[in-house]
Amino acid sequence: MSITSSSHTIASNEAGAPSPRSLMVQRARGHLGFIAGAAIVLTLILVALFAPLLAPHDPFAQSLANRLLPPVWEDGGRWEYLLGTDQVGRDYLSRLIYGARVSLMIGFGAAMIGMVIGVALGICAGYFGGWVDHVVSFFLTAQLALPGILLAMALVFIIGPSLWVVIGIIGVLHWTYFLVVTRSATQRLKSQDFVAAASAMGASRWQILRTEILPNLTNQIIVIFTFELGISILAESALSFLGVGIQPPTPSWGLMIAEGKQALFFRPWLVILPGAFLFLLVIGANLLGDGLRDVTSPEGRN
Amino acid sequence: MSEARTILSVEDLEVILDTPAGQLKAVRGTSFDLKAGEAIGIVGESGSGKSMTALALMRLLPRIARTRAGSITLDDRSLVALSDGEFARSISGRKISMIFQEPMTSLNPVYTIGRQMTETVVRFSGLSRSAARKRAIELLDRVRIPDPAGRMHQYPHQLSGGQRQRVMIAMALMSEPELIVADEPTTALDVTVQAQIMELLAELRREFGMAMMLITHDLAVVAATVDKVAVMYGGEVVESGPCRDILTEPRHPYTRGLLACVPKMDHAPTRLGAIPGIVPALLGNVDYCVFSSRCAQVRPQCRTAKPPVRDDGHRSYKCILSTAEINALPAAQPDEAIRASKIERGGQPLLEARNVHKVYQVKRGLFSRRTALHALDDVSFAIHPGETFALVGESGSGKSTLARILLGLETADKGEARLSGRIVSRVDPRERARLMQPIFQDPYSSLNPRHTIARIIARPLEIHDIGDATSRRKAVASVMERVGLPERVMNNYPSQMSGGQRQRVAIARALIMKPALLVCDEPTSALDVSVQAQILNLMTDLQRDLGLTYLLITHNIAVVHQVATRVAVMNKGQIVEVGEVDQVLRRPRHDYTRLLLSSVPEFDNSPFQVEPLHSGSRERSTVGGRVGPS
Amino acid sequence: MLKYILQRSALALAVAFVVSFATFMLLNYSVDPATAMAGEDATPEVIEQIRQAYGFDRPVMVRYLEWLSGVVRGDFGESYYWNTTVAALVLDRAPVTITLALSALLVTIVIAVPLGAFAALRPNSWIDRFALTFAVSAQAIPNFWLGLMLIILLGVMFPVLPISGDSTWQHFVMPAFVLGASSVPAVMRLTRTGLIEVMESDYIRTAKAKGYRGYALLHRHAMRNAILPVVSVLAVQLGQKFGGSVITETVFAINGLGRLALQSILGSDIPTVQMLIFIFALTFVLMNLLADLLNAALDPRIRIS
C-alpha cells in the first residue's frame, strides 16, 4: 500500500470531494512550467496571427542601402530596424515575426497529420489486438528504423519543396509517439471493467470506442500533440537549414539561420536571433506538454 | 507465557504525511507492547493506519511521511535514538524481519532465490557462503518447498505465488529474528494456500520462539493466529486486549460494529450489522473521537473532546461509554433471518450452462510450444428465477471465464449458455441487457472515470436509445434512491466517490434496465468488511423487493453462506459439487469442497463444523484454522 | 534462448527488408528518377536518354529485385553523381561517422545516466529540478543552431577548438557534444523514471527490510533492474545517431556518411541516397537486435522461459 494511494482514498472518501475539473484547474494554477509554457505558446500564436499588424516593415522588401544593419543595441544599429537587417536589407524583426507563422503552421499541420495516423493505428492495434496489433507493431518498428530526417530531405527534394509538401512529409513521418501511447492506453482501457460492462449492456464496438475509450485518451493525445508540435517545428527548421525545406524568400527561422550562417563570424545576430525564437517556441511547447501531463494526471508524472 | 520478558514496546507512535491538502496524521498516539514469543494482530480497514504502523516501525515509510514516537524499545534497547544507518545495520533483517503482502513482486526478479536468501547473513552476520547455503536449503525444506537445493538456482518467476511467500518466510528466518512483522501475508493468496501459510507461520513461531506482529484486515485470520489484538480506526488504536475477549465481547462501538459486519457461518444467516457512512478525512488536529462521525452511540461531547482511555489492566478501549453502559446496549447485529423462501424449480431456468467447454492455447514461456488449457471442462448448471446461485472457486478455477461466457462477452468452444431458453449469443443485445446485467469486482475500474454518475447510470438507456433526457434523468434518480445514493452525487465523477458508493453506482446501472438476473463477479472482494456488509445487505433487500435472481461468483465461502441459496464448487474448470448451500457447506461430498471449507479460518469459539463424512477422508481436510493459542 | 535469438533476428531481417522496399518505392516510384536526375531545364529527349541509359524504363519491381540481389552479393551499385561505386563511397566515409556516433553516445551516457540517477535518488530536490529543466531545454534547442553557437563560442570568441573538418580528435569534440546532446533528454528521463520505479518497487522494500541502505542497496539490488530499459534506449539512440549525423556533419564540415547523404540528395544521386537510407536503417535494426540480446542476457525472465 503506497502512501499516495491511501491518502488519495481518504481524500476521495470525503463527502463533497472536489470534481476532477476543479482539481485540474487548481493544479494548473500552481504549475509554473504550465503557466510559462502556455504564455509563450499563446503569445507566439498571437504574434503569428497578427503578423501584418505587428511587423514594422514588409518582410520581403529588400533595401540594398540598408544591408546587414546590426540590432539597435549594437554600434551602428538604427531604431528603424530594431533587430537589424539581413544580407539583402530586409527588416529582421519583420521576418522573424512572419517566421512564427511558418513554424506554427508547420507545427500544427504536421502534428495533426501525425495524430490522425498514430491515433487511428494505435486505437486499432490496442483495441483489436491479435494480428492487427502484430502488423501495426511491425510497421512501427520499420518506421522507427528509417532515418527520418534523411528520408524527409530526400522526399522533399524529389517531390519539390513547398510549405504543404513539408507539412505533409513531416506529418507522415511523425506518428510513432502517438501510436505507442494510444496503443498501450487503449490496451489498458480495454481490460477495464467499464468496457466489459458497456458490452454487456449491448453497446456496439463503435459505441464503446467513441464513448468509453476515446474520452479517456484525449488528455494523453493533447499532451503528445503539444510535444509533437515542438518536434515538427524543429524538424522543419532542420530541413530548411539544410536547404531542402522551406525555400527563399519565405521567412522561415531555419532558413534564416542558414542564410545568416555565411555571416556567422561578423554578424552572429543573424544566426542567434532566429535560433533563440525557435528555442523559445519549442521550449514553450515542451513546458506546456509537461505541464499538461502533470495537470491532467498527477500520478503519471513522467 | 505470561512471565515472558517484553521484547518490543511502542509508545505514542505518530506518522505524519505532508499532503497537498495539509498535514495528515495517519497514525496517532499508537502504543502497544509484545512479549517474547507472543503474537499481536493489528486489525483495521483500509485507511486505519495499520500498515503504516508496521512500516514506521521498520523505517520503510516513503519520503513524504515523518515518524515521531515517544519511545520504541526492542529488548530494552531504545530504537528512537538510532540513526537510519545504525537501524539498518543492527535491527532490520537481523532482529526484526518482515514479510509483505505481494509475494509476486516482493522478490527481486533478476536474482536467484539462493542469492536473495543468503546475501544478508553472508554480508552482515559473517556466515560463510557454504554455511549460509546449507541453512537456506534447510529453511526452504522447513517451509515445505519441494526440491530446496534445486530451487536455490531458480528465479522468482519460476515459482508460484504461494511458493514465493514460503521463500519470503524462509528468507525472513535466515537471521533468526526475535520478531517477525507480517503485513497482510496471505491477502494476495488463495484461501487454501492462505490456510497453509498461516499454519506454517504459527508453527515456525512456536518452533523458533519468535514474536509476531500480524497486520491484517481479516478478523477471521486474526482469530486463528494471534494472542492479542489492537483494533485500529482512523489512525488510532481504539481497542486492544486478548484476542478471544475482543472477538467475543467487543467494547468499542467500532469493534462491535465491525464484528457485526462479518458474515458468520455458525448459524443461519441474519442481516448484517452495518456501520453507516465512510471513513472521514482526518486532516489537521484530531481533538475529538475519530469514530464520532459514524457512531450510533454518539454524544455531543464525542465531537468536541477526545474520549477517555478505559483500561482495566487486561484490556483497554477509547470511549466515553463505560463497560457497563456498553454491555447494556442492544446487539450490533439485528437478529433478522434473511434466507429467501423456498424456490420453485419446476419451470424453465433463467440462465443455464449446458456442457460448456473452453480451451485456451497458452504459451508457458515466451516461446515454448502452445499447450491447451482447459479453462472450462463440461460445465452444466441451471439457475431458476428468484434464487441466488453461487459459483465458488479459487483463482484459476475458471469461474470468471464462465461468467464472461454467460454474459456473452466470450463464446464457448463447445456446449452453450442459454438465457431464458435461448442461446445467449443469439439473443438481441437489447433484450439480453433487459434480462441480465453484470456487477464487477473492482468498483474503481467498472465506472468510466470520464463520465458523471448520472451518465454512467443512464448509459444502458442511452445505448438502447430509450426515452429522452428528462425521462432518463427521472429513471436515474429513482434507481439511485433505490440503491441508497443521495441525489446530489448525480453530477459527481467516480473519483469523487468511495469504493462502496461506486459499487452502488454499478448496481444502479445494472438495475436501470430492470433485469431479471444480476451476474455478480466478486462484488465485494475489493471492499472493506464494513462496506461489504452494506453491499450484501443491499443485495438482499433488492432481491426481496424486486424479485431479482443472482449469479454470485466468489472465492469467499462466508459470503456464499450469507446470501446464496445454492452453490456450485469449481476446481480446475470443473464443477465438482453442486447443491443447496446448507447441504454443500455442512455435508460436503467432494474432497476439494472439504479442503476448501477446512481452509476457511474459524472466526470465533463456535467454529463452523463440517460433519465428518466417513473415515478415510483426506488428511488435508483437517488442516487449517486449528493453530491459534487457546 | 536460442529460439529467442532466432526470432528476434528474423524480425530484424523482415524489418530491414520492408524498409528497403519502402524506400526504393518512395524514391523510384513517387517521382520519375530520370526527371529528377536530369534537372529542371532538361528537354524530354535528355530525360529519355537518361531513362534508357540507367534502365529506368524497366518495371520498378524488376529494378528493386536487381538492387536487392546486388546488396546481398555486396554490390551496392554505381553512383551517378560521384562516378564511383557506392560501396567505395560508403567505405571511404563510414569510419568518420562511426567515430562520431560512438563518441556522441559516450557523451550521452556520461551526461545523461549520472544525471538521471542522481535525480531519481533525490526526487524533487534541486538536482532533480535541474535535471528536468536541463532535459526540457536540451529538447528545445535546434541541433544545428547549438552547433553554430558552439562555433561562435569555442571557435571564434574563445578559439580553443577547430570548427570544421575531421583530421584530429579535437575536431570531434564539438560535433560529438552536439550530436550526443540530442539524446541526453530521452536517456536522462528514462534513467530517472526507471530508477524511481525500481526504488519504489516491492523488492527494494524487501531489500530495505533486510537491512540494505544507500550504496549497497543501489549496487546490489536496484542497478540491474534499472539498467534494463536504459540499455535498450541507448542502443536505439546509437542507431539514430547515424541518421542524425546529417546535420552535425554539415555544420562542422565533416566528410562522413551524413554529409555524403546531403550531397547525394542535392545531386539527385538516388542510388547513393537509397543505399545510405538502407544502411542507416540496417544499423538501427542491428542495434535494436543487440539491445534485445543484451536484455535477454541481463533479465532471467527472458533468458529462462
# chains A, B, ... in the order shown; residues from 1 in each chain; ligands from 1

$ interface_residues --of "chain B" --to "chain C" --cutoff "9 Å" --atoms "only C-alpha atoms" --output "PyMOL selection string"
chain B and resi 58-60+62+84-85+87-94+96-100+102+105-112+116+120+124+155-158+172+364-368

$ closest_atom_pairs --of "chain C" --to "chain A" --cutoff "7 Å" --atoms "only C-alpha atoms" --output "CSV"
residue,atom,partner,partner_atom,distance
C:Val15,CA,A:Ala142,CA,5.4
C:Val19,CA,A:Ala142,CA,5.9
C:Val31,CA,A:Ile159,CA,6.8
C:Ala36,CA,A:Ile158,CA,6.5
C:Val136,CA,A:Asn286,CA,6.6
C:Ser137,CA,A:Ile283,CA,6.3
C:Ala140,CA,A:Ile283,CA,5.0
C:Ile141,CA,A:Phe279,CA,5.3
C:Pro142,CA,A:Leu234,CA,6.0
C:Trp145,CA,A:Gly275,CA,6.1
C:Thr193,CA,A:Asn302,CA,6.8
C:Gln240,CA,A:Pro147,CA,6.9
C:Gly243,CA,A:Pro147,CA,4.9
C:Ile265,CA,A:Ala154,CA,5.8
C:Ile277,CA,A:Pro147,CA,6.5
C:Phe280,CA,A:Pro147,CA,6.4
C:Ala281,CA,A:Ala145,CA,4.8
C:Phe284,CA,A:Ala145,CA,5.5
C:Val285,CA,A:Ala145,CA,6.2

$ residues_around --residues "B:Lys318" --least-positions-apart "6" --cutoff "7 Å" --atoms "only C-alpha atoms" --output "PDB file with N, CA and C atoms, in the first residue's frame"
ATOM      1  N   VAL B 238      -8.261   1.896  18.759  1.00  0.00           N
ATOM      2  CA  VAL B 238      -9.458   2.222  19.529  1.00  0.00           C
ATOM      3  C   VAL B 238      -9.738   1.178  20.603  1.00  0.00           C
ATOM      4  N   GLU B 239      -9.198  -0.018  20.392  1.00  0.00           N
ATOM      5  CA  GLU B 239      -9.410  -1.046  21.395  1.00  0.00           C
ATOM      6  C   GLU B 239      -8.287  -2.066  21.299  1.00  0.00           C
ATOM      7  N   HIS B 252     -15.500  -1.379  22.240  1.00  0.00           N
ATOM      8  CA  HIS B 252     -15.593  -0.120  21.493  1.00  0.00           C
ATOM      9  C   HIS B 252     -16.705  -0.245  20.438  1.00  0.00           C
ATOM     10  N   PRO B 307     -12.044  11.013  23.660  1.00  0.00           N
ATOM     11  CA  PRO B 307     -12.666  10.123  24.648  1.00  0.00           C
ATOM     12  C   PRO B 307     -11.619   9.607  25.636  1.00  0.00           C
ATOM     13  N   PRO B 308     -12.031   9.227  26.832  1.00  0.00           N
ATOM     14  CA  PRO B 308     -11.071   8.692  27.794  1.00  0.00           C
ATOM     15  C   PRO B 308     -10.609   7.292  27.390  1.00  0.00           C
ATOM     16  N   VAL B 309      -9.402   6.928  27.805  1.00  0.00           N
ATOM     17  CA  VAL B 309      -8.937   5.566  27.594  1.00  0.00           C
ATOM     18  C   VAL B 309      -9.353   4.748  28.806  1.00  0.00           C
ATOM     19  N   ARG B 310     -10.158   3.731  28.564  1.00  0.00           N
ATOM     20  CA  ARG B 310     -10.617   2.901  29.684  1.00  0.00           C
ATOM     21  C   ARG B 310      -9.786   1.623  29.704  1.00  0.00           C
TER      22      ARG B 310
END

$ residues_around --residues "stretch 81-83 of chain C" --least-positions-apart "3" --cutoff "10 Å" --atoms "only C-alpha atoms" --output "count of residues only"
14

$ closest_atom_pairs --of "chain B" --to "chain A" --cutoff "6 Å" --atoms "only C-alpha atoms" --output "JSON lines"
{"residue": "B:Pro280", "atom": "CA", "partner": "A:Glu14", "partner_atom": "CA", "distance": 5.8}
{"residue": "B:Ala281", "atom": "CA", "partner": "A:Ile10", "partner_atom": "CA", "distance": 5.4}
{"residue": "B:Pro429", "atom": "CA", "partner": "A:Gly202", "partner_atom": "CA", "distance": 4.5}
{"residue": "B:Arg430", "atom": "CA", "partner": "A:Gly202", "partner_atom": "CA", "distance": 5.9}
{"residue": "B:Ala433", "atom": "CA", "partner": "A:Met201", "partner_atom": "CA", "distance": 5.1}
{"residue": "B:Ser445", "atom": "CA", "partner": "A:Asp193", "partner_atom": "CA", "distance": 5.3}
{"residue": "B:Ser446", "atom": "CA", "partner": "A:Phe194", "partner_atom": "CA", "distance": 4.0}
{"residue": "B:Leu447", "atom": "CA", "partner": "A:Phe194", "partner_atom": "CA", "distance": 5.1}
{"residue": "B:Asn448", "atom": "CA", "partner": "A:Phe194", "partner_atom": "CA", "distance": 5.8}
{"residue": "B:Pro460", "atom": "CA", "partner": "A:Met201", "partner_atom": "CA", "distance": 5.8}
{"residue": "B:Ile463", "atom": "CA", "partner": "A:Ala203", "partner_atom": "CA", "distance": 5.9}
{"residue": "B:Gln496", "atom": "CA", "partner": "A:Ser12", "partner_atom": "CA", "distance": 5.1}
{"residue": "B:Met497", "atom": "CA", "partner": "A:Ser12", "partner_atom": "CA", "distance": 5.9}
{"residue": "B:Ser498", "atom": "CA", "partner": "A:Asn13", "partner_atom": "CA", "distance": 4.9}

$ residues_around --residues "C:Asp32" --least-positions-apart "2" --cutoff "10 Å" --atoms "only C-alpha atoms" --output "tab-separated table (two decimals) with N, CA and C atoms, in the first residue's frame"
chain	number	residue	atom	x	y	z
A	158	ILE	N	12.92	15.53	-53.87
A	158	ILE	CA	12.42	14.88	-55.08
A	158	ILE	C	11.05	15.42	-55.48
A	159	ILE	N	10.14	15.51	-54.49
A	159	ILE	CA	8.78	15.94	-54.80
A	159	ILE	C	8.75	17.43	-55.13
C	27	LEU	N	11.47	6.38	-53.45
C	27	LEU	CA	12.45	7.14	-54.20
C	27	LEU	C	12.34	6.91	-55.71
C	28	ASN	N	11.86	5.74	-56.11
C	28	ASN	CA	11.85	5.42	-57.53
C	28	ASN	C	10.46	5.46	-58.18
C	29	TYR	N	9.44	5.47	-57.36
C	29	TYR	CA	8.10	5.34	-57.92
C	29	TYR	C	7.29	6.62	-57.75
C	30	SER	N	7.52	7.30	-56.58
C	30	SER	CA	6.73	8.51	-56.33
C	30	SER	C	7.07	9.58	-57.36
C	34	ALA	N	14.48	9.62	-63.56
C	34	ALA	CA	15.18	10.23	-64.70
C	34	ALA	C	14.94	11.73	-64.72
C	35	THR	N	13.69	12.16	-64.51
C	35	THR	CA	13.38	13.58	-64.48
C	35	THR	C	14.15	14.26	-63.35
C	36	ALA	N	14.16	13.58	-62.18
C	36	ALA	CA	14.84	14.16	-61.04
C	36	ALA	C	16.32	14.35	-61.34
C	37	MET	N	16.92	13.34	-61.99
C	37	MET	CA	18.35	13.42	-62.27
C	37	MET	C	18.67	14.47	-63.31
C	47	ILE	N	15.86	13.57	-70.89
C	47	ILE	CA	15.28	12.72	-69.86
C	47	ILE	C	15.15	11.29	-70.38
C	51	ARG	N	16.81	7.90	-68.96
C	51	ARG	CA	15.94	6.79	-68.58
C	51	ARG	C	16.46	5.49	-69.18
C	56	PHE	N	15.85	2.98	-66.29
C	56	PHE	CA	14.65	3.39	-65.55
C	56	PHE	C	13.37	3.04	-66.30
C	57	ASP	N	13.53	2.60	-67.57
C	57	ASP	CA	12.32	2.28	-68.33
C	57	ASP	C	11.78	0.90	-67.98

$ select_by_dssp --residues "stretch 301-344 of chain B" --states "strand (DSSP E or B)" --output "MDAnalysis selection string"
chainID B and resid 309:311 316:318 337

$ residues_around --residues "B:Arg66" --least-positions-apart "3" --cutoff "10 Å" --atoms "only C-alpha atoms" --output "list in words"
Glu14, Val15, Ile16, Leu17, Asp18, Lys25, Ala56, Arg59, Leu61, Pro62 and Arg63 of chain B

$ select_by_dssp --residues "stretch 100-281 of chain A" --states "alpha helix (DSSP H)" --output "number ranges by chain"
A: 100-128, 130-145, 148-159, 163-173, 176-190, 193-200, 205-207, 214-241, 253-261, 269-281

$ residues_around --residues "C:Phe134" --least-positions-apart "2" --cutoff "12 Å" --atoms "only C-alpha atoms" --output "list of chain:residue names"
A:Ile283, A:Leu287, C:Ile111, C:Ala112, C:Leu115, C:Gly116, C:Ala119, C:Trp126, C:Ile127, C:Asp128, C:Arg129, C:Phe130, C:Ala131, C:Leu132, C:Val136, C:Ser137, C:Ala138, C:Gln139, C:Ala140, C:Ile141, C:Ala181, C:Ser182, C:Val184, C:Pro185, C:Ala186, C:Met188, C:Arg189

$ write_last_selection --atoms "C-alpha atoms" --output "compact mmCIF listing (two decimals), in the first residue's frame"
# COMPACT_ATOMS: atom_id res chain seq x y z
CA ILE A 283 10.57 25.15 -25.05
CA LEU A 287 6.79 23.15 -20.94
CA ILE C 111 25.92 13.25 -19.08
CA ALA C 112 22.52 11.55 -19.05
CA LEU C 115 22.20 13.00 -14.05
CA GLY C 116 19.13 10.76 -14.30
CA ALA C 119 17.70 12.96 -9.95
CA TRP C 126 17.46 20.77 -6.58
CA ILE C 127 19.34 18.23 -8.66
CA ASP C 128 16.09 16.68 -9.85
CA ARG C 129 14.73 20.08 -10.81
CA PHE C 130 17.99 20.95 -12.53
CA ALA C 131 17.96 17.67 -14.46
CA LEU C 132 14.39 18.16 -15.64
CA VAL C 136 13.36 20.37 -21.32
CA SER C 137 15.87 22.93 -22.58
CA ALA C 138 18.06 20.42 -24.39
CA GLN C 139 14.97 19.06 -26.12
CA ALA C 140 14.06 22.51 -27.39
CA ILE C 141 17.43 23.53 -28.83
CA ALA C 181 23.32 16.31 -26.55
CA SER C 182 20.31 15.48 -28.72
CA VAL C 184 20.51 13.39 -23.44
CA PRO C 185 16.89 14.33 -22.61
CA ALA C 186 15.44 10.97 -23.62
CA MET C 188 18.12 11.08 -18.82
CA ARG C 189 14.35 10.90 -18.40

$ closest_residue --among "A:Tyr92, A:Trp253, A:Phe178, A:Trp269" --to "A:Ile222" --atoms "only C-alpha atoms"
A:Phe178

$ closest_residue --among "B:Val43, B:Leu13, B:Leu517, B:Ala230" --to "B:Arg28" --atoms "only C-alpha atoms"
B:Leu13

$ atom_distance --atom1 "atom CA of A:Val165" --atom2 "atom CA of C:Gly147"
27.1 Å

$ atom_distance --atom1 "atom CA of B:Val229" --atom2 "atom CA of B:Lys35"
13.3 Å

$ atom_distance --atom1 "atom CA of B:Ala182" --atom2 "atom CA of B:Leu57"
12.1 Å

$ closest_residue --among "C:Leu294, C:Ile227, C:Ile5, C:Leu161" --to "C:Val113" --atoms "only C-alpha atoms"
C:Ile227
